[in-house]
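Notes for the one structure printed next.
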Amino acid sequence: MCYPLFYAHEVLKHWINKHSDSFPPIVIHMTGGKSDDGDPIPYADSIKNLATMDGQILLFNSYFSHFETDSILFPDNQVNLPDDNSRMLFQMSSQLPDSFFQRANCQGMDIQPNARRMSINADLGLIIRFSGWAPNCELCSAC
């Protein structure tokens with residue numbers, strides 16, 4: 001997990017140098033949860049610290065686990081997460097921007113403050129649907 005995040009950081013840094021006035025990239029990291037090559041949190045933090053003039057990169061971690069659990073989308077704390085891997089991924093995930101809350105409410109979702117861009121065993125359609133929400137997108141008439 002560490003090396004792919006390191007590599008992503010290098011690619012993103014290069015892209016930002018050429019497109020610094022663009023909307024920041026949204027990184028979707030899909031994983032089975034376990035890191036076999038060290039602590040990935042510093043690598044995730046280095047990605048989240050990259051920014052364009054329009055804001056910081058958003059890191060979305062999508063965890064597909066072997067255990068049976070209800071789908072979890074955008075948790076706001078680590079307390080009810082099912083294992084150490086999910087708690088690690090929570091720490092690695094970007095906090096949802098304020099603009100996301102309004103859009104989530106438009107869609108009938110109950111998103112709490114401190115929610116993270118993270119999912120556990122979520123339907124791929126949901127991940128795609130909510131991965132690209134940006135401050136200037138229009139999802140409903142109230143947004």
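If you're wondering about the labels, chains in the structure tokens are A, B, ... by order shown, residues count from 1 in each chain, ligands from 1 in order shown.
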Next item on the list: Write out as a count of residues only the residues lying within 12 Å of Met1 of chain A, counting only C-alpha atoms and excluding same-chain residues fewer than 3 positions away.
Entry: 26
Next item on the list: Give me the residues within 12 Å of Pro113 of chain A as a list in words, counting only C-alpha atoms and dropping any in the same chain fewer than 6 places off.
Entry: Phe74, Pro75, Asp76, Asn77, Gln95, Leu96, Pro97, Asp98, Ser99, Phe100, Phe101, Gln102 and Ala104 of chain A
Just the residues within 12 Å of Asp83 of chain A, please, counting only C-alpha atoms, with nothing from its chain fewer than 6 positions along; format it as a compact mmCIF listing (two decimals) with C-alpha atoms, in the first residue's frame.
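The resulting file, result-v3.txt, is shown below:
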```txt
# COMPACT_ATOMS: atom_id res chain seq x y z
CA GLY A 33 -7.23 -2.91 3.62
CA LYS A 34 -3.95 -4.49 4.64
CA TYR A 63 -12.21 -0.75 1.45
CA SER A 65 -13.21 -6.54 3.08
CA HIS A 66 -13.78 -10.25 3.52
CA PHE A 67 -16.06 -9.85 6.56
CA GLU A 68 -19.80 -9.46 6.29
CA THR A 69 -20.98 -6.02 7.27
CA LEU A 89 -8.13 3.93 6.25
CA PHE A 90 -10.37 6.37 8.13
CA ILE A 120 -16.45 -0.09 3.34
```
Could you pull the residues within 12 Å of segment 50-58 of chain A, counting only C-alpha atoms, minus those fewer than 5 positions along the same chain, as a CSV table (one decimal) with N, CA and C atoms, in the first residue's frame?
```
chain,number,residue,atom,x,y,z
A,8,ALA,N,1.7,7.4,-6.5
A,8,ALA,CA,0.6,8.4,-6.8
A,8,ALA,C,1.0,9.8,-6.4
A,9,HIS,N,1.7,10.0,-5.3
A,9,HIS,CA,2.1,11.3,-4.9
A,9,HIS,C,3.1,11.9,-5.9
A,10,GLU,N,4.0,11.1,-6.4
A,10,GLU,CA,4.9,11.6,-7.4
A,10,GLU,C,4.2,12.0,-8.7
A,11,VAL,N,3.3,11.2,-9.2
A,11,VAL,CA,2.5,11.5,-10.4
A,11,VAL,C,1.6,12.8,-10.1
A,12,LEU,N,1.0,12.9,-9.0
A,12,LEU,CA,0.1,14.0,-8.7
A,12,LEU,C,1.0,15.3,-8.6
A,13,LYS,N,2.1,15.2,-7.9
A,13,LYS,CA,3.0,16.4,-7.8
A,13,LYS,C,3.4,16.9,-9.2
A,14,HIS,N,3.7,16.0,-10.1
A,14,HIS,CA,4.1,16.4,-11.4
A,14,HIS,C,2.9,17.0,-12.2
A,15,TRP,N,1.7,16.4,-12.0
A,15,TRP,CA,0.5,17.0,-12.6
A,15,TRP,C,0.2,18.4,-12.1
A,16,ILE,N,0.3,18.5,-10.8
A,16,ILE,CA,0.0,19.8,-10.2
A,16,ILE,C,0.9,20.9,-10.7
A,17,ASN,N,2.2,20.6,-10.9
A,17,ASN,CA,3.2,21.5,-11.4
A,17,ASN,C,2.8,22.1,-12.7
A,18,LYS,N,2.1,21.3,-13.5
A,18,LYS,CA,1.7,21.7,-14.9
A,18,LYS,C,0.2,22.3,-14.9
A,19,HIS,N,-0.5,22.0,-13.9
A,19,HIS,CA,-2.0,22.4,-13.9
A,19,HIS,C,-2.3,23.1,-12.5
A,20,SER,N,-1.5,23.9,-12.0
A,20,SER,CA,-1.7,24.5,-10.7
A,20,SER,C,-3.0,25.3,-10.6
A,21,ASP,N,-3.5,25.8,-11.7
A,21,ASP,CA,-4.8,26.6,-11.6
A,21,ASP,C,-6.0,25.8,-11.8
A,22,SER,N,-5.9,24.4,-11.8
A,22,SER,CA,-7.0,23.5,-12.0
A,22,SER,C,-7.7,23.2,-10.7
A,23,PHE,N,-8.9,22.6,-10.8
A,23,PHE,CA,-9.5,22.0,-9.6
A,23,PHE,C,-8.6,20.8,-9.2
A,24,PRO,N,-8.4,20.6,-7.9
A,24,PRO,CA,-7.5,19.6,-7.4
A,24,PRO,C,-8.1,18.2,-7.8
A,25,PRO,N,-7.2,17.2,-8.1
A,25,PRO,CA,-7.6,15.9,-8.3
A,25,PRO,C,-8.3,15.2,-7.1
A,26,ILE,N,-9.1,14.3,-7.5
A,26,ILE,CA,-9.8,13.4,-6.5
A,26,ILE,C,-9.2,12.0,-6.7
A,27,VAL,N,-8.5,11.5,-5.7
A,27,VAL,CA,-7.9,10.2,-5.8
A,27,VAL,C,-8.8,9.1,-5.1
A,28,ILE,N,-9.0,8.1,-5.9
A,28,ILE,CA,-9.8,7.0,-5.3
A,28,ILE,C,-8.9,5.8,-5.1
A,29,HIS,N,-8.7,5.4,-3.9
A,29,HIS,CA,-7.8,4.3,-3.5
A,29,HIS,C,-8.7,3.1,-3.1
A,43,TYR,N,2.2,8.4,3.8
A,43,TYR,CA,2.1,8.5,2.4
A,43,TYR,C,0.7,9.1,2.0
A,44,ALA,N,-0.3,8.7,2.7
A,44,ALA,CA,-1.7,9.3,2.4
A,44,ALA,C,-1.6,10.8,2.8
A,45,ASP,N,-1.0,11.1,3.9
A,45,ASP,CA,-1.0,12.5,4.3
A,45,ASP,C,-0.2,13.3,3.3
A,92,MET,N,-6.5,7.9,7.0
A,92,MET,CA,-5.9,8.2,5.7
A,92,MET,C,-6.8,9.0,4.8
A,93,SER,N,-8.1,9.0,5.1
A,93,SER,CA,-9.1,9.6,4.2
A,93,SER,C,-9.3,11.1,4.4
A,94,SER,N,-9.6,11.8,3.3
A,94,SER,CA,-9.8,13.3,3.5
A,94,SER,C,-11.2,13.5,4.1
A,95,GLN,N,-11.2,14.6,4.9
A,95,GLN,CA,-12.5,15.0,5.5
A,95,GLN,C,-13.3,15.6,4.4
A,96,LEU,N,-14.6,15.4,4.4
A,96,LEU,CA,-15.5,15.9,3.4
A,96,LEU,C,-15.5,17.4,3.4
A,97,PRO,N,-15.4,18.0,2.3
A,97,PRO,CA,-15.5,19.5,2.2
A,97,PRO,C,-16.9,19.9,2.6
A,100,PHE,N,-19.8,19.5,0.3
A,100,PHE,CA,-20.4,18.2,0.1
A,100,PHE,C,-21.6,17.9,0.9
A,116,ARG,N,-15.7,11.3,6.6
A,116,ARG,CA,-14.5,11.2,5.7
A,116,ARG,C,-14.9,10.6,4.4
A,117,ARG,N,-14.1,10.8,3.4
A,117,ARG,CA,-14.2,10.2,2.0
A,117,ARG,C,-13.7,8.8,2.1
A,118,MET,N,-14.6,8.0,2.6
A,118,MET,CA,-14.3,6.6,2.8
A,118,MET,C,-15.5,5.7,2.7
A,131,SER,N,-18.0,10.0,-5.8
A,131,SER,CA,-16.6,10.2,-5.8
A,131,SER,C,-16.2,11.6,-6.5
A,132,GLY,N,-17.0,12.0,-7.5
A,132,GLY,CA,-16.6,13.2,-8.2
A,132,GLY,C,-17.3,14.5,-7.8
A,133,TRP,N,-18.0,14.5,-6.7
A,133,TRP,CA,-18.7,15.7,-6.3
A,133,TRP,C,-17.7,16.8,-6.1
A,134,ALA,N,-17.9,17.9,-6.8
A,134,ALA,CA,-17.0,19.0,-6.7
A,134,ALA,C,-17.8,20.2,-6.3
A,135,PRO,N,-17.2,21.3,-5.7
A,135,PRO,CA,-17.9,22.4,-5.3
A,135,PRO,C,-18.8,23.1,-6.4
A,136,ASN,N,-18.4,23.0,-7.6
A,136,ASN,CA,-19.2,23.7,-8.7
A,136,ASN,C,-20.1,22.7,-9.5
```
Check: Can you tell me how far atom CA of Lys48 of chain A sits from atom CA of Cys106 of chain A, in Å to one decimal?
Finding: 26.6 Å
Check: Can you list, as a PyMOL selection string, every residue of segment 31-106 of chain A that DSSP puts in helix (DSSP H, G or I)?
Finding: chain A and resi 41-48+84-92+98-106
Notebook entry, point to check: Which parts of chain A does DSSP call strand (DSSP E or B) when run on the backbone here, written out as a PyMOL selection string?
Noted result: chain A and resi 26-31+51-52+55-56+58-63+72-73+95+116+118-120
Just the selected residues (N, CA and C atoms), exported as a PDB file, in the first residue's frame, please.
```
ATOM      1  N   ILE A  26      -9.141  14.266  -7.477  1.00  0.00           N
ATOM      2  CA  ILE A  26      -9.770  13.409  -6.480  1.00  0.00           C
ATOM      3  C   ILE A  26      -9.175  12.021  -6.691  1.00  0.00           C
ATOM      4  N   VAL A  27      -8.535  11.492  -5.669  1.00  0.00           N
ATOM      5  CA  VAL A  27      -7.868  10.197  -5.752  1.00  0.00           C
ATOM      6  C   VAL A  27      -8.769   9.146  -5.115  1.00  0.00           C
ATOM      7  N   ILE A  28      -9.044   8.082  -5.870  1.00  0.00           N
ATOM      8  CA  ILE A  28      -9.842   6.974  -5.342  1.00  0.00           C
ATOM      9  C   ILE A  28      -8.911   5.787  -5.149  1.00  0.00           C
ATOM     10  N   HIS A  29      -8.712   5.413  -3.908  1.00  0.00           N
ATOM     11  CA  HIS A  29      -7.823   4.306  -3.548  1.00  0.00           C
ATOM     12  C   HIS A  29      -8.696   3.120  -3.138  1.00  0.00           C
ATOM     13  N   MET A  30      -8.718   2.086  -3.964  1.00  0.00           N
ATOM     14  CA  MET A  30      -9.491   0.877  -3.654  1.00  0.00           C
ATOM     15  C   MET A  30      -8.536  -0.168  -3.110  1.00  0.00           C
ATOM     16  N   THR A  31      -8.929  -0.790  -1.994  1.00  0.00           N
ATOM     17  CA  THR A  31      -8.000  -1.668  -1.296  1.00  0.00           C
ATOM     18  C   THR A  31      -8.713  -2.785  -0.549  1.00  0.00           C
ATOM     19  N   ALA A  51      -1.770  20.390  -3.267  1.00  0.00           N
ATOM     20  CA  ALA A  51      -2.890  21.274  -3.581  1.00  0.00           C
ATOM     21  C   ALA A  51      -2.634  22.043  -4.864  1.00  0.00           C
ATOM     22  N   THR A  52      -3.722  22.409  -5.507  1.00  0.00           N
ATOM     23  CA  THR A  52      -3.678  23.388  -6.581  1.00  0.00           C
ATOM     24  C   THR A  52      -4.097  24.716  -5.968  1.00  0.00           C
ATOM     25  N   GLY A  55      -7.472  24.317  -4.132  1.00  0.00           N
ATOM     26  CA  GLY A  55      -7.685  23.500  -2.938  1.00  0.00           C
ATOM     27  C   GLY A  55      -6.827  22.248  -2.908  1.00  0.00           C
ATOM     28  N   GLN A  56      -6.952  21.523  -1.805  1.00  0.00           N
ATOM     29  CA  GLN A  56      -6.165  20.308  -1.594  1.00  0.00           C
ATOM     30  C   GLN A  56      -6.782  19.114  -2.318  1.00  0.00           C
ATOM     31  N   LEU A  58      -8.287  15.516  -2.712  1.00  0.00           N
ATOM     32  CA  LEU A  58      -9.187  14.740  -1.867  1.00  0.00           C
ATOM     33  C   LEU A  58      -8.892  13.257  -2.067  1.00  0.00           C
ATOM     34  N   LEU A  59      -8.615  12.557  -0.981  1.00  0.00           N
ATOM     35  CA  LEU A  59      -8.305  11.133  -1.021  1.00  0.00           C
ATOM     36  C   LEU A  59      -9.497  10.342  -0.508  1.00  0.00           C
ATOM     37  N   PHE A  60     -10.055   9.501  -1.377  1.00  0.00           N
ATOM     38  CA  PHE A  60     -11.210   8.660  -1.087  1.00  0.00           C
ATOM     39  C   PHE A  60     -10.698   7.227  -0.973  1.00  0.00           C
ATOM     40  N   ASN A  61     -10.818   6.608   0.197  1.00  0.00           N
ATOM     41  CA  ASN A  61     -10.422   5.218   0.392  1.00  0.00           C
ATOM     42  C   ASN A  61     -11.652   4.331   0.364  1.00  0.00           C
ATOM     43  N   SER A  62     -11.615   3.342  -0.494  1.00  0.00           N
ATOM     44  CA  SER A  62     -12.711   2.396  -0.610  1.00  0.00           C
ATOM     45  C   SER A  62     -12.184   1.006  -0.233  1.00  0.00           C
ATOM     46  N   TYR A  63     -12.693   0.490   0.856  1.00  0.00           N
ATOM     47  CA  TYR A  63     -12.207  -0.751   1.452  1.00  0.00           C
ATOM     48  C   TYR A  63     -13.178  -1.884   1.136  1.00  0.00           C
ATOM     49  N   ILE A  72     -20.778   0.762   4.518  1.00  0.00           N
ATOM     50  CA  ILE A  72     -20.542   1.998   5.259  1.00  0.00           C
ATOM     51  C   ILE A  72     -20.037   3.024   4.256  1.00  0.00           C
ATOM     52  N   LEU A  73     -20.660   4.193   4.260  1.00  0.00           N
ATOM     53  CA  LEU A  73     -20.273   5.261   3.348  1.00  0.00           C
ATOM     54  C   LEU A  73     -20.148   6.554   4.139  1.00  0.00           C
ATOM     55  N   GLN A  95     -11.196  14.559   4.915  1.00  0.00           N
ATOM     56  CA  GLN A  95     -12.463  14.984   5.484  1.00  0.00           C
ATOM     57  C   GLN A  95     -13.299  15.567   4.352  1.00  0.00           C
ATOM     58  N   ARG A 116     -15.657  11.349   6.562  1.00  0.00           N
ATOM     59  CA  ARG A 116     -14.491  11.153   5.698  1.00  0.00           C
ATOM     60  C   ARG A 116     -14.888  10.569   4.361  1.00  0.00           C
ATOM     61  N   MET A 118     -14.639   7.953   2.581  1.00  0.00           N
ATOM     62  CA  MET A 118     -14.292   6.557   2.805  1.00  0.00           C
ATOM     63  C   MET A 118     -15.531   5.696   2.666  1.00  0.00           C
ATOM     64  N   SER A 119     -15.326   4.478   2.200  1.00  0.00           N
ATOM     65  CA  SER A 119     -16.417   3.510   2.157  1.00  0.00           C
ATOM     66  C   SER A 119     -15.884   2.138   2.549  1.00  0.00           C
ATOM     67  N   ILE A 120     -16.777   1.302   3.037  1.00  0.00           N
ATOM     68  CA  ILE A 120     -16.452  -0.087   3.337  1.00  0.00           C
ATOM     69  C   ILE A 120     -17.518  -0.949   2.676  1.00  0.00           C
TER      70      ILE A 120
END
```
Next item on the list: Between atom CA of Arg103 of chain A and atom CA of Pro82 of chain A, measure the distance and give it in Å to one decimal.
Entry: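 Distance reported for this atom pair: 27.3 Å.
Put simply, atom CA of Asp123 of chain A is 26.4 Å away from atom CA of Tyr3 of chain A.
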